[in-house]
Every structure is written in structure tokens, then in C-alpha cells.
>>> print(open('target26.txt').read())   # compact mmCIF, C-alpha atoms
# COMPACT_ATOMS: atom_id res chain seq x y z
CA MET A 3 148.46 75.07 54.87
CA ASN A 4 147.91 75.47 51.13
CA GLU A 5 144.40 74.15 51.67
CA LEU A 6 143.80 76.92 54.20
CA ILE A 7 144.93 79.55 51.70
CA TYR A 8 142.52 78.12 49.13
CA GLU A 9 139.62 78.20 51.61
CA PHE A 10 140.46 81.77 52.63
CA ILE A 11 140.60 82.91 49.00
CA GLU A 12 137.22 81.33 48.34
CA HIS A 13 135.91 83.20 51.38
CA LEU A 14 137.17 86.50 49.91
CA LYS A 15 135.55 85.73 46.58
CA ARG A 16 132.22 85.07 48.29
CA LYS A 17 132.62 88.45 49.99
CA LYS A 18 132.99 89.92 46.46
CA TYR A 19 136.52 91.22 46.93
CA ALA A 20 138.06 92.54 43.72
CA LYS A 21 140.05 90.05 41.64
CA MET A 22 143.39 91.83 42.13
CA THR A 23 142.77 92.19 45.86
CA VAL A 24 142.11 88.45 46.16
CA HIS A 25 145.30 87.80 44.19
CA ASP A 26 147.31 90.09 46.49
CA TYR A 27 145.96 88.35 49.60
CA GLY A 28 146.93 84.93 48.26
CA LYS A 29 150.41 86.08 47.20
CA THR A 30 151.08 87.82 50.51
CA ILE A 31 150.02 84.89 52.67
CA LYS A 32 152.03 82.46 50.54
CA GLU A 33 155.10 84.64 51.12
CA PHE A 34 154.54 84.32 54.87
CA PHE A 35 154.43 80.53 54.51
CA ILE A 36 157.67 80.62 52.49
CA PHE A 37 159.26 82.59 55.35
CA LEU A 38 157.87 80.01 57.77
CA GLN A 39 159.28 77.10 55.78
CA LYS A 40 162.75 78.66 55.56
CA THR A 41 162.99 80.02 59.11
CA TYR A 42 160.91 77.54 61.11
CA PRO A 43 160.99 74.25 59.15
CA ASP A 44 159.67 72.33 62.16
CA VAL A 45 156.39 74.27 62.07
CA THR A 46 154.17 72.19 59.81
CA VAL A 47 150.66 73.00 61.10
CA ILE A 48 148.99 76.40 61.40
CA THR A 49 148.23 75.96 65.11
CA ASP A 50 151.99 75.97 65.81
CA VAL A 51 152.39 79.56 64.55
CA SER A 52 153.11 81.51 67.73
CA ARG A 53 153.27 85.16 68.65
CA GLU A 54 157.07 84.89 68.68
CA ILE A 55 157.06 83.70 65.06
CA VAL A 56 154.85 86.62 64.03
CA VAL A 57 157.20 89.07 65.77
CA SER A 58 160.09 87.45 63.92
CA TYR A 59 158.23 87.97 60.64
CA GLU A 60 157.63 91.63 61.50
CA LYS A 61 161.40 92.09 61.97
CA PHE A 62 162.09 90.20 58.74
CA LEU A 63 159.86 92.58 56.77
CA VAL A 64 161.84 95.60 58.02
CA THR A 65 164.90 94.36 56.09
CA MET A 66 163.07 92.57 53.26
CA GLN A 67 164.11 93.74 49.78
CA ASP A 68 162.10 94.00 46.59
CA ALA A 69 163.13 92.84 43.10
CA ARG A 70 165.26 95.98 42.67
CA GLY A 71 167.23 95.28 45.84
CA LYS A 72 165.56 98.09 47.79
CA THR A 73 164.01 97.72 51.23
CA ILE A 74 160.24 97.42 50.86
CA SER A 75 158.20 100.50 51.71
CA ARG A 76 156.39 101.17 54.97
CA ASN A 77 153.04 100.91 53.19
CA ARG A 78 153.97 97.55 51.71
CA ARG A 79 154.93 96.24 55.15
CA ARG A 80 151.62 97.53 56.44
CA ARG A 81 149.77 95.66 53.69
CA TYR A 82 151.64 92.40 54.38
CA LEU A 83 150.88 92.53 58.09
CA THR A 84 147.27 93.67 57.65
CA TYR A 85 146.54 90.84 55.21
CA LEU A 86 148.19 88.35 57.56
CA GLN A 87 146.13 89.70 60.45
CA LYS A 88 142.91 89.28 58.49
CA PHE A 89 143.90 85.74 57.51
CA PHE A 90 144.47 84.69 61.13
CA SER A 91 141.29 86.46 62.25
CA TRP A 92 139.40 84.37 59.71
CA LEU A 93 141.13 81.20 60.97
CA GLU A 94 140.05 82.07 64.50
CA ARG A 95 136.43 82.69 63.48
CA GLU A 96 136.41 79.38 61.61
CA GLU A 97 137.86 77.69 64.72
CA LYS A 98 140.87 76.41 62.80
CA ILE A 99 143.25 77.84 65.42
CA PHE A 100 142.98 78.08 69.19
CA LYS A 101 144.59 81.49 69.59
CA ASN A 102 145.23 84.31 67.14
CA PRO A 103 149.00 85.08 67.17
CA THR A 104 148.53 88.38 65.32
CA VAL A 105 146.47 90.05 68.06
CA ASN A 106 148.12 93.34 69.13
CA MET A 107 150.53 93.09 66.22
CA ALA A 108 152.49 96.30 65.59
CA VAL A 109 151.13 97.28 62.18
CA PRO A 110 152.82 100.45 60.82
CA SER A 111 150.52 103.43 60.39
CA GLU A 112 149.58 104.25 56.82
CA ARG A 113 151.77 106.83 55.15
CA HIS A 114 150.01 108.62 52.32
CA ARG A 115 152.25 109.38 49.37
CA ILE A 116 152.14 112.81 47.81
CA ILE A 117 150.06 112.59 44.66
CA LYS A 118 152.39 113.19 41.73
CA ASP A 119 151.94 113.58 37.98
CA VAL A 120 148.38 114.87 38.10
CA LEU A 121 147.51 116.19 34.66
CA SER A 122 146.35 119.74 34.10
CA ILE A 123 143.07 120.33 32.30
CA GLU A 124 145.02 121.30 29.20
CA GLU A 125 147.19 118.17 29.36
CA MET A 126 144.15 115.92 29.81
CA GLU A 127 142.41 117.52 26.84
CA LYS A 128 145.57 117.03 24.76
CA LEU A 129 145.74 113.38 25.80
CA LEU A 130 142.10 112.69 24.98
CA LYS A 131 142.37 114.38 21.59
CA ALA A 132 145.43 112.28 20.75
CA CYS A 133 142.95 109.43 20.26
CA ILE A 134 141.47 110.31 16.87
CA GLY A 135 139.82 108.45 14.01
CA ASP A 136 136.77 106.25 13.50
CA SER A 137 138.49 102.87 13.63
CA THR A 138 137.23 100.21 16.03
CA LYS A 139 140.31 100.63 18.20
CA SER A 140 140.13 104.43 18.24
CA LEU A 141 136.45 104.51 19.22
CA ARG A 142 136.97 101.93 21.95
CA ASP A 143 140.06 103.63 23.33
CA ARG A 144 138.50 107.12 23.33
CA ALA A 145 135.48 105.76 25.21
CA ILE A 146 137.80 104.14 27.77
CA LEU A 147 139.89 107.29 28.31
CA GLU A 148 136.84 109.55 28.57
CA LEU A 149 135.13 107.25 31.08
CA LEU A 150 138.28 106.89 33.19
CA TYR A 151 138.66 110.67 33.43
CA SER A 152 134.97 111.39 33.94
CA THR A 153 134.36 108.83 36.70
CA GLY A 154 137.76 108.20 38.33
CA VAL A 155 137.09 104.45 38.41
CA ARG A 156 139.94 102.03 39.05
CA ALA A 157 141.38 99.98 36.18
CA GLU A 158 139.87 96.74 37.43
CA GLU A 159 136.52 98.40 37.99
CA LEU A 160 136.43 99.61 34.40
CA CYS A 161 137.33 96.16 33.08
CA GLY A 162 134.41 94.69 35.03
CA ILE A 163 131.73 97.11 33.77
CA GLU A 164 128.81 95.33 32.13
CA VAL A 165 126.50 96.81 29.49
CA ASN A 166 123.58 96.93 31.91
CA ASP A 167 125.68 98.87 34.43
CA ILE A 168 125.57 102.03 32.35
CA ASP A 169 122.44 104.17 32.22
CA PHE A 170 122.54 106.83 29.51
CA ASN A 171 119.18 108.34 30.51
CA GLU A 172 120.41 109.08 34.03
CA SER A 173 124.10 109.41 33.06
CA THR A 174 125.09 107.02 35.82
CA LEU A 175 127.45 104.07 36.10
CA PHE A 176 126.94 101.19 38.52
CA VAL A 177 130.30 99.92 39.77
CA ARG A 178 129.58 96.35 40.84
CA LYS A 179 133.15 95.14 41.34
CA GLY A 180 134.73 97.79 43.50
CA LYS A 181 137.58 97.46 45.96
CA TRP A 182 136.73 95.42 49.07
CA GLY A 183 133.65 94.16 47.23
CA ASN A 184 131.85 97.49 47.59
CA GLU A 185 129.32 98.69 45.03
CA ARG A 186 128.48 102.30 44.17
CA LEU A 187 126.42 104.34 41.73
CA ILE A 188 128.28 107.31 40.24
CA PRO A 189 127.62 109.90 37.52
CA PHE A 190 129.53 110.43 34.29
CA GLY A 191 129.68 113.50 32.05
CA LYS A 192 128.21 114.31 28.65
CA SER A 193 131.49 113.87 26.80
CA ALA A 194 132.05 110.40 28.26
CA GLY A 195 128.45 109.48 27.47
CA TYR A 196 128.84 110.62 23.86
CA TRP A 197 131.98 108.55 23.24
CA VAL A 198 130.70 105.45 25.04
CA GLU A 199 127.50 105.55 22.96
CA ARG A 200 129.51 105.90 19.75
CA TYR A 201 131.69 102.98 20.76
CA MET A 202 128.69 100.82 21.60
CA SER A 203 126.88 101.53 18.34
CA GLN A 204 129.79 101.61 15.87
CA ALA A 205 132.68 99.58 17.30
CA ARG A 206 131.58 97.16 19.99
CA PRO A 207 129.35 95.00 17.71
CA LEU A 208 132.44 94.28 15.58
CA ILE A 209 134.57 92.90 18.40
CA ILE A 210 132.15 91.45 20.93
CA GLY A 211 132.90 87.76 21.35
CA ARG A 212 132.68 85.35 24.26
CA TYR A 213 131.84 88.09 26.76
CA PRO A 214 128.64 89.73 25.49
CA ASN A 215 127.85 91.22 28.92
CA LEU A 216 131.09 93.19 29.25
CA LEU A 217 131.12 96.79 28.07
CA PHE A 218 134.79 96.85 27.07
CA VAL A 219 136.61 93.92 25.50
CA SER A 220 139.89 93.39 23.68
CA LEU A 221 140.00 93.74 19.91
CA LYS A 222 139.79 89.94 19.74
CA GLY A 223 136.67 89.85 21.88
CA ASN A 224 138.37 88.65 25.07
CA GLU A 225 138.21 90.08 28.59
CA LEU A 226 140.02 93.38 28.86
CA GLN A 227 142.78 93.22 31.48
CA PRO A 228 144.17 96.12 33.57
CA ARG A 229 147.60 95.65 32.00
CA ALA A 230 146.03 96.21 28.58
CA LEU A 231 144.64 99.52 29.84
CA ARG A 232 148.15 100.49 30.90
CA ASP A 233 149.43 99.85 27.36
CA ILE A 234 146.52 101.77 25.80
CA ILE A 235 147.22 104.81 27.98
CA LYS A 236 150.97 104.67 27.38
CA HIS A 237 150.35 104.69 23.60
CA TYR A 238 148.32 107.91 23.68
CA VAL A 239 150.59 109.59 26.22
CA LEU A 240 153.43 109.19 23.73
CA LEU A 241 151.27 110.49 20.88
CA ALA A 242 150.28 113.51 22.97
CA GLY A 243 153.91 114.22 23.85
CA ILE A 244 153.25 114.30 27.60
CA ALA A 245 156.41 113.76 29.65
CA LYS A 246 154.67 112.79 32.90
CA ASN A 247 154.35 109.20 34.11
CA VAL A 248 150.67 108.60 33.28
CA THR A 249 148.91 105.42 34.41
CA CYS A 250 145.31 104.34 34.95
CA HIS A 251 145.56 105.75 38.46
CA THR A 252 146.69 109.11 37.05
CA PHE A 253 143.22 109.46 35.53
CA ARG A 254 141.75 108.73 38.97
CA HIS A 255 144.03 111.25 40.68
CA THR A 256 143.32 113.84 38.00
CA CYS A 257 139.55 113.35 38.21
CA ALA A 258 139.61 113.89 41.99
CA THR A 259 141.98 116.86 41.83
CA HIS A 260 139.97 118.64 39.14
CA MET A 261 136.71 118.07 41.02
CA LEU A 262 138.17 119.52 44.22
CA LYS A 263 139.67 122.47 42.36
CA GLY A 264 136.18 123.04 41.00
CA HIS A 265 135.02 123.33 44.64
CA ALA A 266 133.36 119.92 44.89
CA ASP A 267 132.57 118.86 48.46
CA ILE A 268 135.17 116.30 49.55
CA ARG A 269 132.40 113.93 50.71
CA TYR A 270 131.08 113.73 47.15
CA VAL A 271 134.57 113.07 45.79
CA GLN A 272 134.97 110.33 48.40
CA LYS A 273 131.77 108.67 47.16
CA GLN A 274 132.77 109.11 43.52
CA LEU A 275 136.09 107.35 44.07
CA GLY A 276 134.72 104.71 46.43
CA HIS A 277 137.10 105.48 49.31
CA LYS A 278 136.27 103.80 52.62
CA ARG A 279 137.92 106.58 54.65
CA ILE A 280 137.73 110.33 54.13
CA SER A 281 141.45 110.52 55.02
CA THR A 282 142.27 108.76 51.74
CA THR A 283 140.41 111.43 49.76
CA GLU A 284 142.04 114.23 51.77
CA ARG A 285 145.34 113.49 50.04
CA TYR A 286 143.99 115.38 47.05
CA LEU A 287 143.51 118.52 49.14
CA LYS A 288 147.26 119.01 49.52
CA VAL A 289 148.17 122.13 47.63
CA GLU A 290 150.66 121.55 44.83
CA ILE A 291 153.76 123.75 44.95
CA SER A 292 152.92 125.24 41.53
CA ASP A 293 149.53 126.38 42.86
CA LEU A 294 151.17 127.73 46.00
CA LYS A 295 153.70 129.74 43.99
CA GLU A 296 150.94 131.23 41.83
CA VAL A 297 148.86 132.24 44.87
CA HIS A 298 151.94 133.62 46.63
CA GLU A 299 152.89 135.75 43.62
CA ARG A 300 149.34 137.04 43.19
CA THR A 301 148.57 137.84 46.83
CA HIS A 302 151.77 138.53 48.80
CA PRO A 303 152.37 142.28 49.35
CA ARG A 304 156.05 142.02 48.49
CA GLU A 305 155.19 140.55 45.09
CA GLN A 306 153.18 143.60 43.98
CA ASP A 307 154.56 146.16 41.57
CA ASP A 308 154.12 149.15 43.90
CA TRP A 309 156.23 148.03 46.86
CA GLU A 310 159.10 150.23 47.92
>>> encode(input="target26.txt", output="C-alpha cells")
Amino acid sequence: MNELIYEFIEHLKRKKYAKMTVHDYGKTIKEFFIFLQKTYPDVTVITDVSREIVVSYEKFLVTMQDARGKTISRNRRRRYLTYLQKFFSWLEREEKIFKNPTVNMAVPSERHRIIKDVLSIEEMEKLLKACIGDSTKSLRDRAILELLYSTGVRAEELCGIEVNDIDFNESTLFVRKGKWGNERLIPFGKSAGYWVERYMSQARPLIIGRYPNLLFVSLKGNELQPRALRDIIKHYVLLAGIAKNVTCHTFRHTCATHMLKGHADIRYVQKQLGHKRISTTERYLKVEISDLKEVHERTHPREQDDWE
């Protein structure tokens, strides 16, 4: 069965799935095999996995707990079952099984979380300006933060940007390693362009090492990892004195929210972020309670000074 996982992972890589997505698929399917080994030790070949076993796994996930001892979320269960379904669909196409036991599986519907901790324009400006100085690290970090906010790219997408992917004449960025292996061409703003150019001319030549094609690298010239981006952001959030929980995805959420508040068509925001479904982008249309209070106070008749 481990050989099947390896073959499936290689299939995903050929389909140009993102590195973290491939990792998640492998981890999820291995967890199913661990469940299989513990619950059905007599099942030693993939063709013996029946519909009844899959149903048993569905029930197991309902009570499964995470590292903190909490029952895993609905969305996490959905991801586990969806990945398993895709794995068995691949097995069926490759004729490695006779019948797909995950057909008609009860996959929970996706529940979109309310987007929290979106930064205001003032907070984002404060965060960006917390990165000051002309040091190699400062120039690199400011370029990273500006590009994250300007484009809304995912952490892994930013880490995979190559020098030839950025076009300063057209102010466009080619995202070649998007989620699900999708590619897209998106614009970036003047401020991001200014800081990326400064980084490339003044800082990047000093740290470029074994990865000359990559736009952003670590200070030692190695591949920049998403977890390193998390640490970079956390450092400047503390310097800026922002109390919100800010991550790489916060930049993505903030980019989308600010574009929509600026009356951008949702279809353009969808393309900017690389969402497969418009419903994913629609999460950003939900009015925040602070905005609702402001509108209510400004427009409701009973909030005016001249009511009796």
C-alpha cells in the first residue's frame, strides 16, 4: 500500500499540484492506512477495502481528535474524505482496484469560516512601515510584505516565484506554482514594484546562492520556506504593535477585502486570488460588524440628531 501512495504522489506532482498540497494528500492517505491497520488488521491489500470499511472510517472521523484533544473540524473531515475519494478514483482509473468503495460517500458540505483579523488600511501601512532600513534583510522583507499585500498570493506561491516570473514593464507577476497546479498572471502595484526592484538591485545579489532562479531566498541563499515567511511577518507585527493574529493568509484576506471595498468586481478578485469557485471569494463580501455599525449610525433615522 505504501507503494500505491508513492505512485499517487508522483501522479500529483506530474499534475503540478503545489508542494504543500501534495504533502497533505500523502499525510491524509497514510492516516487512513493507519486506521485500516489498527481497525482491520486482516485487510492487507487495497482491493479488500470495502464500502463498509469506508463508512466505518467516516464514523471514526466524527469523533477523531486533534493534538489539542479537540474533535476535528467539519472542514478537516471534508478534506480527509475528499482526498481519500480522489485517491480511490485514481486507483480505479489506473485499474488497481475493481470497484471504488468511496462512490456516493457522504462528504460534509464545505463550511466557510468568517474571515477574521483583516487589517485596516491604516494597520497595513503601519505594518509595512515597521520594516525600515537599508540592510539586506530589511530590503528583502519589505519587498516580501509589499508583494504579499499587493497581489494576495499564497505563502507557497510567493516562495516559488522565479526572477523571470516578474515583469516590471507590465507590472505583472506570473504565478506558476498555484494551488491545484493552476497558473495565473496577476498585476502588482507601484509600491510593490519599487521595493522588489530595490531588493533585486541592492540586496538579492548579496545573498543569492544555490537557487539563482528564485526571486526570494533566505539570508543564507537557501530556498525560502512558508514557515520562514510566518516568522518574518510575526517579527514586524510585534514591531508595529498590532494586536491581531497576522499570518501570511492575513495579507491575502486583507488584499481581497480592500479590493472589494474599493468596488472591485468580485470576478477580478477571484482571478487575482486564484480561486476555483466564486463561492470562495464571496466570503470576503460578508459585511464586518464594525462596518455595519458605522452604516447603521450614519443612515438609520433614529440615529440622527433631530429625532423626537
>>> atom_distance(input="target26.txt", atom1="atom CA of A:Tyr286", atom2="atom CA of A:Arg80")
21.6 Å
>>> residues_around(input="target26.txt", residues="stretch 190-205 of chain A", least_positions_apart="3", cutoff="7 Å", atoms="all atoms listed in the file", output="list in words")
Thr138, Leu141, Arg142, Arg144, Ala145, Glu148, Leu149, Ser152, Thr153, Phe170, Ser173, Thr174, Leu175 and Leu208 of chain A
>>> residues_around(input="target26.txt", residues="A:Gly154", least_positions_apart="6", cutoff="10 Å", atoms="all atoms listed in the file", output="MDAnalysis selection string")
chainID A and resid 148 160 188 190 250:258 271 274:276
>>> atom_distance(input="target26.txt", atom1="atom CA of A:Lys32", atom2="atom CA of A:Gln67")
16.5 Å
>>> closest_residue(input="target26.txt", among="A:Met261, A:Ile99, A:Lys139, A:Leu147", to="A:Ser220", atoms="all atoms listed in the file")
A:Lys139
>>> atom_distance(input="target26.txt", atom1="atom CA of A:Leu6", atom2="atom CA of A:Lys88")
13.1 Å
>>> closest_residue(input="target26.txt", among="A:His25, A:Arg279, A:Arg53, A:Arg232", to="A:Ile11", atoms="all atoms listed in the file")
A:His25
>>> residues_near_point(input="target26.txt", point="(145.8, 109.7, 19.2)", cutoff="9 Å", atoms="all atoms listed in the file", output="list in words")
Leu129, Leu130, Lys131, Ala132, Cys133, Ile134, Gly135, Ser140, Arg144, His237, Tyr238, Val239, Leu240, Leu241 and Ala242 of chain A
>>> closest_residue(input="target26.txt", among="A:Leu83, A:Val24, A:Thr283, A:Gly223", to="A:Arg269", atoms="only C-alpha atoms")
A:Thr283
>>> residues_near_point(input="target26.txt", point="(138.3, 87.8, 48.6)", cutoff="10 Å", atoms="only C-alpha atoms", output="MDAnalysis selection string")
chainID A and resid 10:28 182:183
>>> closest_residue(input="target26.txt", among="A:Glu172, A:Gly162, A:Leu226, A:Ile117", to="A:Thr282", atoms="all atoms listed in the file")
A:Ile117
>>> closest_residue(input="target26.txt", among="A:Pro110, A:Arg79, A:Ala157, A:Ala266", to="A:Asp233", atoms="all atoms listed in the file")
A:Ala157
>>> closest_residue(input="target26.txt", among="A:Thr104, A:Glu5, A:Ile74, A:Phe90", to="A:Glu54", atoms="only C-alpha atoms")
A:Thr104
